[in-house]
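Source file coords.tsv; content: TSV, C-alpha atoms.
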```tsv
chain	number	residue	atom	x	y	z
B	1	MET	CA	20.99	149.68	125.12
B	2	THR	CA	23.44	151.22	122.71
B	3	ARG	CA	22.50	154.45	121.01
B	4	PRO	CA	24.58	155.06	117.89
B	5	SER	CA	25.64	158.38	119.36
B	6	ASP	CA	27.20	156.46	122.28
B	7	ILE	CA	29.68	154.69	120.02
B	8	LYS	CA	30.04	156.90	116.97
B	9	PRO	CA	32.89	159.41	116.91
B	10	ARG	CA	31.39	162.79	116.09
B	11	GLU	CA	32.51	164.87	113.16
B	12	GLY	CA	34.75	167.65	114.38
B	13	ASP	CA	35.52	166.10	117.77
B	14	GLN	CA	38.94	164.76	116.80
B	15	PRO	CA	41.36	165.10	113.88
B	16	ALA	CA	39.71	163.57	110.84
B	17	ALA	CA	41.13	160.81	108.69
B	18	LEU	CA	41.98	162.13	105.24
B	19	TYR	CA	41.83	160.37	101.91
B	20	LYS	CA	45.55	159.63	102.05
B	21	ASP	CA	45.06	157.82	105.36
B	22	TRP	CA	42.67	155.18	104.04
B	23	VAL	CA	44.21	151.81	103.26
B	24	VAL	CA	42.41	149.36	100.99
B	25	GLY	CA	42.06	146.06	102.85
B	26	ALA	CA	42.24	147.65	106.30
B	27	LYS	CA	39.84	145.92	108.67
B	28	PHE	CA	37.60	147.81	111.10
B	29	PRO	CA	37.81	146.64	114.71
B	30	PRO	CA	34.70	144.63	115.68
B	31	LEU	CA	32.07	146.90	117.20
B	32	PRO	CA	29.62	145.28	119.65
B	33	PHE	CA	26.34	147.04	120.38
B	34	THR	CA	22.81	146.23	121.49
B	35	ILE	CA	19.67	147.20	119.60
B	36	THR	CA	16.83	147.68	122.07
B	37	PRO	CA	13.10	148.10	121.53
B	38	ASP	CA	13.53	151.79	122.35
B	39	VAL	CA	16.00	152.24	119.52
B	40	VAL	CA	13.69	150.35	117.16
B	41	ASP	CA	10.80	152.61	118.14
B	42	GLU	CA	12.87	155.74	117.59
B	43	TYR	CA	14.12	154.44	114.25
B	44	ILE	CA	10.59	153.69	113.08
B	45	SER	CA	9.71	157.27	113.98
B	46	VAL	CA	12.61	158.99	112.21
B	47	VAL	CA	12.20	157.05	108.95
B	48	ASP	CA	8.42	157.37	109.12
B	49	ALA	CA	8.01	153.59	108.77
B	50	ASP	CA	4.78	151.62	109.04
B	51	ARG	CA	5.00	148.87	111.66
B	52	ALA	CA	2.45	146.82	109.73
B	53	ASN	CA	5.09	146.25	107.04
B	54	TYR	CA	7.30	144.31	109.48
B	55	VAL	CA	5.13	141.56	110.95
B	56	ILE	CA	6.44	138.02	110.51
B	57	ASP	CA	4.12	135.17	111.48
B	58	GLY	CA	2.32	137.46	113.86
B	59	ARG	CA	5.47	138.79	115.56
B	60	GLN	CA	6.59	142.39	115.26
B	61	ALA	CA	9.98	142.65	113.61
B	62	ALA	CA	12.09	145.77	113.36
B	63	PRO	CA	12.83	147.34	110.01
B	64	PRO	CA	16.00	145.33	109.31
B	65	ASN	CA	17.62	148.54	108.11
B	66	VAL	CA	17.65	149.75	111.73
B	67	VAL	CA	21.28	148.60	111.84
B	68	LEU	CA	22.17	151.27	109.30
B	69	VAL	CA	22.25	153.93	112.01
B	70	TYR	CA	25.30	152.05	113.35
B	71	MET	CA	27.01	151.50	109.99
B	72	MET	CA	29.25	154.54	109.89
B	73	ALA	CA	30.25	154.04	113.53
B	74	VAL	CA	31.94	150.79	112.49
B	75	MET	CA	34.10	152.64	109.99
B	76	TYR	CA	34.60	155.85	111.93
B	77	ARG	CA	36.26	154.05	114.84
B	78	LEU	CA	39.23	153.34	112.60
B	79	TYR	CA	38.97	156.46	110.45
B	80	PRO	CA	37.58	159.43	112.42
B	81	PRO	CA	35.09	161.40	110.31
B	82	GLN	CA	35.64	164.71	108.57
B	83	GLN	CA	33.03	167.38	107.97
B	84	GLY	CA	31.37	167.57	104.58
B	85	GLY	CA	31.21	163.88	103.70
B	86	ILE	CA	28.60	163.00	101.07
B	87	MET	CA	26.95	159.59	100.81
B	88	ILE	CA	27.13	158.26	97.26
B	89	GLY	CA	25.56	154.80	97.35
B	90	ASN	CA	24.83	151.59	99.20
B	91	THR	CA	24.15	147.97	98.42
B	92	ILE	CA	22.46	146.31	101.37
B	93	GLU	CA	21.43	142.69	101.83
B	94	PHE	CA	19.13	141.44	104.56
B	95	HIS	CA	19.66	137.89	105.80
B	96	ASN	CA	17.75	137.41	109.06
B	97	PRO	CA	15.14	139.39	111.01
B	98	ILE	CA	15.79	141.72	113.90
B	99	TRP	CA	12.90	141.57	116.36
B	100	ALA	CA	11.28	144.67	117.74
B	101	ASP	CA	10.33	143.17	121.10
B	102	GLU	CA	13.72	142.02	122.37
B	103	GLU	CA	17.29	143.20	122.79
B	104	THR	CA	19.53	142.16	119.92
B	105	GLU	CA	23.25	141.89	120.46
B	106	VAL	CA	25.12	142.72	117.29
B	107	ILE	CA	28.75	142.83	116.25
B	108	GLY	CA	29.65	145.11	113.36
B	109	SER	CA	32.81	144.53	111.37
B	110	GLY	CA	34.14	145.37	107.95
B	111	GLN	CA	36.96	146.55	105.76
B	112	VAL	CA	37.96	149.13	103.18
B	113	THR	CA	37.39	147.75	99.70
B	114	GLU	CA	38.35	150.59	97.34
B	115	LYS	CA	39.45	154.22	97.10
B	116	PHE	CA	39.62	156.40	94.03
B	117	GLU	CA	39.52	159.99	92.81
B	118	LYS	CA	37.20	161.11	90.07
B	119	LYS	CA	36.41	164.61	88.84
B	120	GLY	CA	38.13	166.13	91.84
B	121	ARG	CA	36.18	164.10	94.41
B	122	LYS	CA	37.69	161.53	96.72
B	123	TYR	CA	35.73	158.29	97.05
B	124	ILE	CA	35.95	155.63	99.74
B	125	CYS	CA	34.22	152.23	99.54
B	126	TYR	CA	33.89	149.77	102.38
B	127	ASP	CA	32.00	146.66	103.47
B	128	VAL	CA	30.24	146.23	106.78
B	129	GLU	CA	28.65	143.06	108.16
B	130	PHE	CA	26.34	142.91	111.14
B	131	LYS	CA	26.15	139.54	112.90
B	132	ARG	CA	24.76	138.15	116.12
B	133	PRO	CA	27.44	136.95	118.57
B	134	ASP	CA	26.71	133.36	117.44
B	135	GLY	CA	27.74	134.32	113.91
B	136	THR	CA	24.26	134.61	112.41
B	137	LEU	CA	24.49	137.16	109.62
B	138	LEU	CA	21.83	139.84	109.89
B	139	VAL	CA	22.73	142.49	107.33
B	140	SER	CA	25.63	143.13	104.97
B	141	CYS	CA	26.43	146.42	103.25
B	142	ASN	CA	28.78	147.87	100.68
B	143	HIS	CA	29.00	151.60	101.06
B	144	THR	CA	30.48	154.48	99.06
B	145	SER	CA	31.05	158.01	100.34
B	146	ALA	CA	32.92	161.02	98.96
B	147	PHE	CA	34.97	163.30	101.18
B	148	PRO	CA	36.37	166.77	100.56
B	149	GLU	CA	39.96	166.08	101.68
F	1	MET	CA	2.43	139.92	95.79
F	2	THR	CA	1.25	143.15	94.25
F	3	GLN	CA	3.04	144.38	91.16
F	4	GLU	CA	1.55	147.83	91.09
F	5	THR	CA	3.74	150.83	91.78
F	6	LEU	CA	3.81	151.75	95.45
F	7	ARG	CA	4.48	155.38	96.27
F	8	ARG	CA	4.22	157.94	99.01
F	9	THR	CA	5.19	161.57	99.39
F	10	ILE	CA	7.02	162.74	102.49
F	11	PRO	CA	7.52	166.52	102.93
F	12	GLN	CA	11.01	167.21	104.24
F	13	THR	CA	11.82	169.48	107.17
F	14	GLN	CA	14.97	170.46	109.04
F	15	LYS	CA	13.44	168.88	112.15
F	16	MET	CA	13.39	165.51	110.36
F	17	PHE	CA	17.10	165.89	109.56
F	18	ASP	CA	17.78	166.88	113.16
F	19	ASP	CA	15.79	163.99	114.64
F	20	TYR	CA	17.53	161.43	112.46
F	21	GLY	CA	20.88	162.93	113.44
F	22	VAL	CA	20.02	162.67	117.15
F	23	LEU	CA	19.52	158.94	116.72
F	24	ASN	CA	22.45	158.11	114.49
F	25	GLY	CA	24.86	160.54	116.15
F	26	ASP	CA	25.74	162.29	112.89
F	27	ASN	CA	27.36	165.66	113.53
F	28	ASP	CA	28.31	166.44	109.92
F	29	ILE	CA	27.32	170.08	109.62
F	30	ILE	CA	26.24	169.66	106.03
F	31	HIS	CA	23.00	168.36	107.56
F	32	TYR	CA	22.58	171.30	109.95
F	33	ASP	CA	24.46	174.42	108.73
F	34	ASP	CA	22.57	176.08	105.90
F	35	GLN	CA	25.39	178.45	104.93
F	36	PHE	CA	28.01	175.68	104.95
F	37	ALA	CA	25.82	173.60	102.64
F	38	LYS	CA	25.18	176.55	100.30
F	39	ASP	CA	28.89	177.37	100.20
F	40	ARG	CA	29.41	173.85	98.87
F	41	GLY	CA	26.90	174.41	96.08
F	42	PHE	CA	23.75	172.88	97.52
F	43	ARG	CA	20.34	174.51	97.85
F	44	GLY	CA	20.48	174.12	101.61
F	45	THR	CA	21.20	171.58	104.30
F	46	LEU	CA	21.13	168.01	103.07
F	47	GLY	CA	19.02	165.23	104.48
F	48	HIS	CA	20.66	161.98	105.56
F	49	GLY	CA	21.03	159.50	102.71
F	50	LEU	CA	20.28	156.62	105.02
F	51	MET	CA	17.04	158.30	106.08
F	52	TYR	CA	15.81	158.12	102.48
F	53	THR	CA	17.10	154.59	102.31
F	54	GLY	CA	14.76	153.89	105.21
F	55	TYR	CA	11.84	155.31	103.24
F	56	VAL	CA	12.65	153.05	100.32
F	57	CYS	CA	13.09	150.01	102.55
F	58	ASP	CA	9.65	150.61	104.03
F	59	LEU	CA	8.00	150.32	100.63
F	60	ALA	CA	10.13	147.27	99.82
F	61	ALA	CA	9.07	145.61	103.09
F	62	LYS	CA	5.46	146.32	102.20
F	63	ARG	CA	5.96	144.75	98.77
F	64	TYR	CA	7.96	141.67	99.72
F	65	GLY	CA	6.76	140.96	103.27
F	66	THR	CA	8.61	138.27	105.22
F	67	ASP	CA	10.97	137.51	102.32
F	68	TRP	CA	12.43	141.00	102.61
F	69	HIS	CA	13.95	140.08	106.00
F	70	TYR	CA	15.70	136.97	104.66
F	71	ARG	CA	16.71	137.82	101.10
F	72	GLY	CA	16.03	141.48	100.46
F	73	ARG	CA	18.64	143.22	98.34
F	74	LEU	CA	18.70	146.99	97.97
F	75	THR	CA	21.02	149.00	95.75
F	76	VAL	CA	20.74	152.79	95.84
F	77	LYS	CA	22.67	155.76	94.52
F	78	TYR	CA	22.13	159.23	95.90
F	79	VAL	CA	22.22	161.44	92.83
F	80	ARG	CA	21.00	164.80	94.20
F	81	GLY	CA	20.54	166.32	97.60
F	82	VAL	CA	17.26	166.65	99.45
F	83	CYS	CA	16.68	169.88	101.36
F	84	PRO	CA	14.10	171.24	103.79
F	85	GLY	CA	10.95	172.21	101.93
F	86	ASP	CA	11.27	169.43	99.37
F	87	ASP	CA	8.25	167.24	98.75
F	88	LEU	CA	9.90	163.88	98.35
F	89	GLU	CA	8.05	161.19	96.46
F	90	VAL	CA	9.35	157.68	97.17
F	91	ARG	CA	8.30	154.85	94.90
F	92	ILE	CA	8.95	151.24	93.99
F	93	GLU	CA	7.89	149.97	90.58
F	94	GLY	CA	6.54	146.51	89.85
F	95	ASP	CA	9.98	145.34	88.68
F	96	GLY	CA	11.70	146.56	91.86
F	97	THR	CA	13.06	149.79	90.45
F	98	VAL	CA	13.12	152.40	93.20
F	99	ALA	CA	13.43	156.16	93.12
F	100	CYS	CA	13.03	159.27	95.19
F	101	GLN	CA	12.05	162.48	93.44
F	102	SER	CA	11.51	165.98	94.74
F	103	GLN	CA	9.86	168.86	92.92
F	104	PHE	CA	13.38	169.81	91.77
F	105	ASP	CA	15.03	166.59	90.69
F	106	THR	CA	15.42	162.85	91.00
F	107	THR	CA	17.42	162.37	94.19
F	108	LEU	CA	17.84	158.60	94.54
F	109	VAL	CA	17.78	155.73	92.04
F	110	GLY	CA	18.23	152.00	92.44
F	111	SER	CA	16.47	148.70	92.93
F	112	ALA	CA	14.91	146.67	95.72
F	113	LYS	CA	14.58	143.00	94.88
F	114	LEU	CA	14.79	139.54	96.40
F	115	ALA	CA	18.07	137.66	96.06
```
For this file, write the structure as structure tokens.
Amino acid sequence: MTRPSDIKPREGDQPAALYKDWVVGAKFPPLPFTITPDVVDEYISVVDADRANYVIDGRQAAPPNVVLVYMMAVMYRLYPPQQGGIMIGNTIEFHNPIWADEETEVIGSGQVTEKFEKKGRKYICYDVEFKRPDGTLLVSCNHTSAFPE
Amino acid sequence: MTQETLRRTIPQTQKMFDDYGVLNGDNDIIHYDDQFAKDRGFRGTLGHGLMYTGYVCDLAAKRYGTDWHYRGRLTVKYVRGVCPGDDLEVRIEGDGTVACQSQFDTTLVGSAKLA
């Protein structure tokens, strides 16, 4: 079982990466973790999801977006977080189910795709992919956040 | 597949922000420190963008069923903050347009479709 809090650097715990530190093209080190039924249950609770919406051929799947609670951990391991970050947008694609009744080993990886300043705000864009160890793509994301410094 | 608008309203509380943060390990004080958030120009602490994304995904999963797990594609922009006390309506239109709206403003816009 891997709780996101087990692998995600916490804001304020270490010196934060600043806008100047981000390098477009920099790759995030692969992050292995395991999604367990307990994590799926907790996720369903905190996003107030309806389990009935995730049944595939009679089998209970997880909301595939459960991996999103690990997304920022992938990035933060290379660029420790700063306080006051604001999420701007996401594009997320789902490729294969994550089952609610089994442990799912996942490897998160990604890279910085863009950085820019606009109207005094500093924007960072990055891609993250979540795959099974055999290479099966589960979910891919392109994310944009703005940071104060 | 239904083409009618699906919607639900989810009242927002600080406890919901806290509980989501316990799971995802988010310690950004903009979600927890009311004064810090107000000093940055917001009405109060901000909910987690990915929590609202989860609300939207739930309606999309209801609409698209099994296909959502294999070729769902969601694009969202967070245009305004959501604070404790907000009554957040989440909806998906027949054409896949999605939005979240509180009593104060539209907070999220985007689309949820099949690739």
Nearest-residue call for B:Phe94, choices F:Thr75, F:Ser102, F:Thr107, F:Thr97, using only C-alpha atoms:
F:Thr75
List the spatial neighbours of stretch 106-118 of chain B as a VMD selection string - criterion: any atom at most 8 Å away, all atoms listed in the file, same-chain residues fewer than 6 positions off excluded.
chain B and resid 22 to 35 71 74 to 75 124 to 133
8 Å contacts from chain F to chain B using only C-alpha atoms, as JSON, numbers by chain:
{"F": [16, 19, 20, 22, 23, 24, 25, 26, 27, 28, 29, 30, 49, 50, 51, 52, 54, 55, 57, 58, 61, 62, 65, 66, 68, 69, 70, 71, 72, 73, 74, 75, 76, 77, 78, 79]}
Pick from F:Asp67, F:Gly81, F:Arg8, F:Cys100, whichever lies nearest to F:Ala115 using only C-alpha atoms:
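Looking only at the distances to F:Ala115, the closest residue turns out to be F:Asp67.
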Set up a box along x, y and z of the file covering all listed atoms of stretch 85-92 of chain F, add 4 Å on every one of the six sides, and write the centre and edge lengths in Å to one decimal, as JSON.
```
{"center_x": 9.7, "center_y": 161.7, "center_z": 98.0, "size_x": 11.2, "size_y": 29.0, "size_z": 15.9}
```
Rounded to one decimal, what separation in Å do you get between atom CA of F:Ala60 and atom CA of F:Arg7?
10.5 Å
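Atom CA of B:Glu103 to atom CA of F:Phe17 spans 26.3 Å [interatomic distance, one decimal].
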Counting only C-alpha atoms, the residue of F:Cys83, F:Val90, F:Leu59, F:Leu6 that sits nearest F:Asp33:
F:Cys83
With only C-alpha atoms as the counted atoms, please give the residues lying no more than 10 Å from F:Val82, apart from itself and same-chain residues fewer than 4 positions off, as a CSV table (one decimal) with C-alpha atoms, keeping the file's coordinate frame.
```
chain,number,residue,atom,x,y,z
F,12,GLN,CA,11.0,167.2,104.2
F,13,THR,CA,11.8,169.5,107.2
F,42,PHE,CA,23.8,172.9,97.5
F,43,ARG,CA,20.3,174.5,97.8
F,44,GLY,CA,20.5,174.1,101.6
F,45,THR,CA,21.2,171.6,104.3
F,46,LEU,CA,21.1,168.0,103.1
F,47,GLY,CA,19.0,165.2,104.5
F,48,HIS,CA,20.7,162.0,105.6
F,49,GLY,CA,21.0,159.5,102.7
F,52,TYR,CA,15.8,158.1,102.5
F,78,TYR,CA,22.1,159.2,95.9
F,86,ASP,CA,11.3,169.4,99.4
F,87,ASP,CA,8.2,167.2,98.8
F,88,LEU,CA,9.9,163.9,98.4
F,100,CYS,CA,13.0,159.3,95.2
F,101,GLN,CA,12.0,162.5,93.4
F,102,SER,CA,11.5,166.0,94.7
F,104,PHE,CA,13.4,169.8,91.8
F,105,ASP,CA,15.0,166.6,90.7
F,106,THR,CA,15.4,162.8,91.0
F,107,THR,CA,17.4,162.4,94.2
F,108,LEU,CA,17.8,158.6,94.5
```
Separation of atom CA of B:Thr104 from atom CA of B:Arg77, in Å and rounded to one decimal
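Atom CA of B:Arg77 lies 21.1 Å from atom CA of B:Thr104.
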(33.1, 159.5, 97.4) in this file's frame - what residues fall within 6 Å of it? Use all atoms listed in the file and give the answer as a VMD selection string.
chain B and resid 122 to 124 144 to 147
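The protein and nucleic acid residues lying at most 9 Å from B:Asp101 are Thr36, Pro37, Val40, Arg59, Gln60, Ala61 and Ala62 of chain B, with all atoms listed in the file considered and sequence neighbours fewer than 3 positions away removed.
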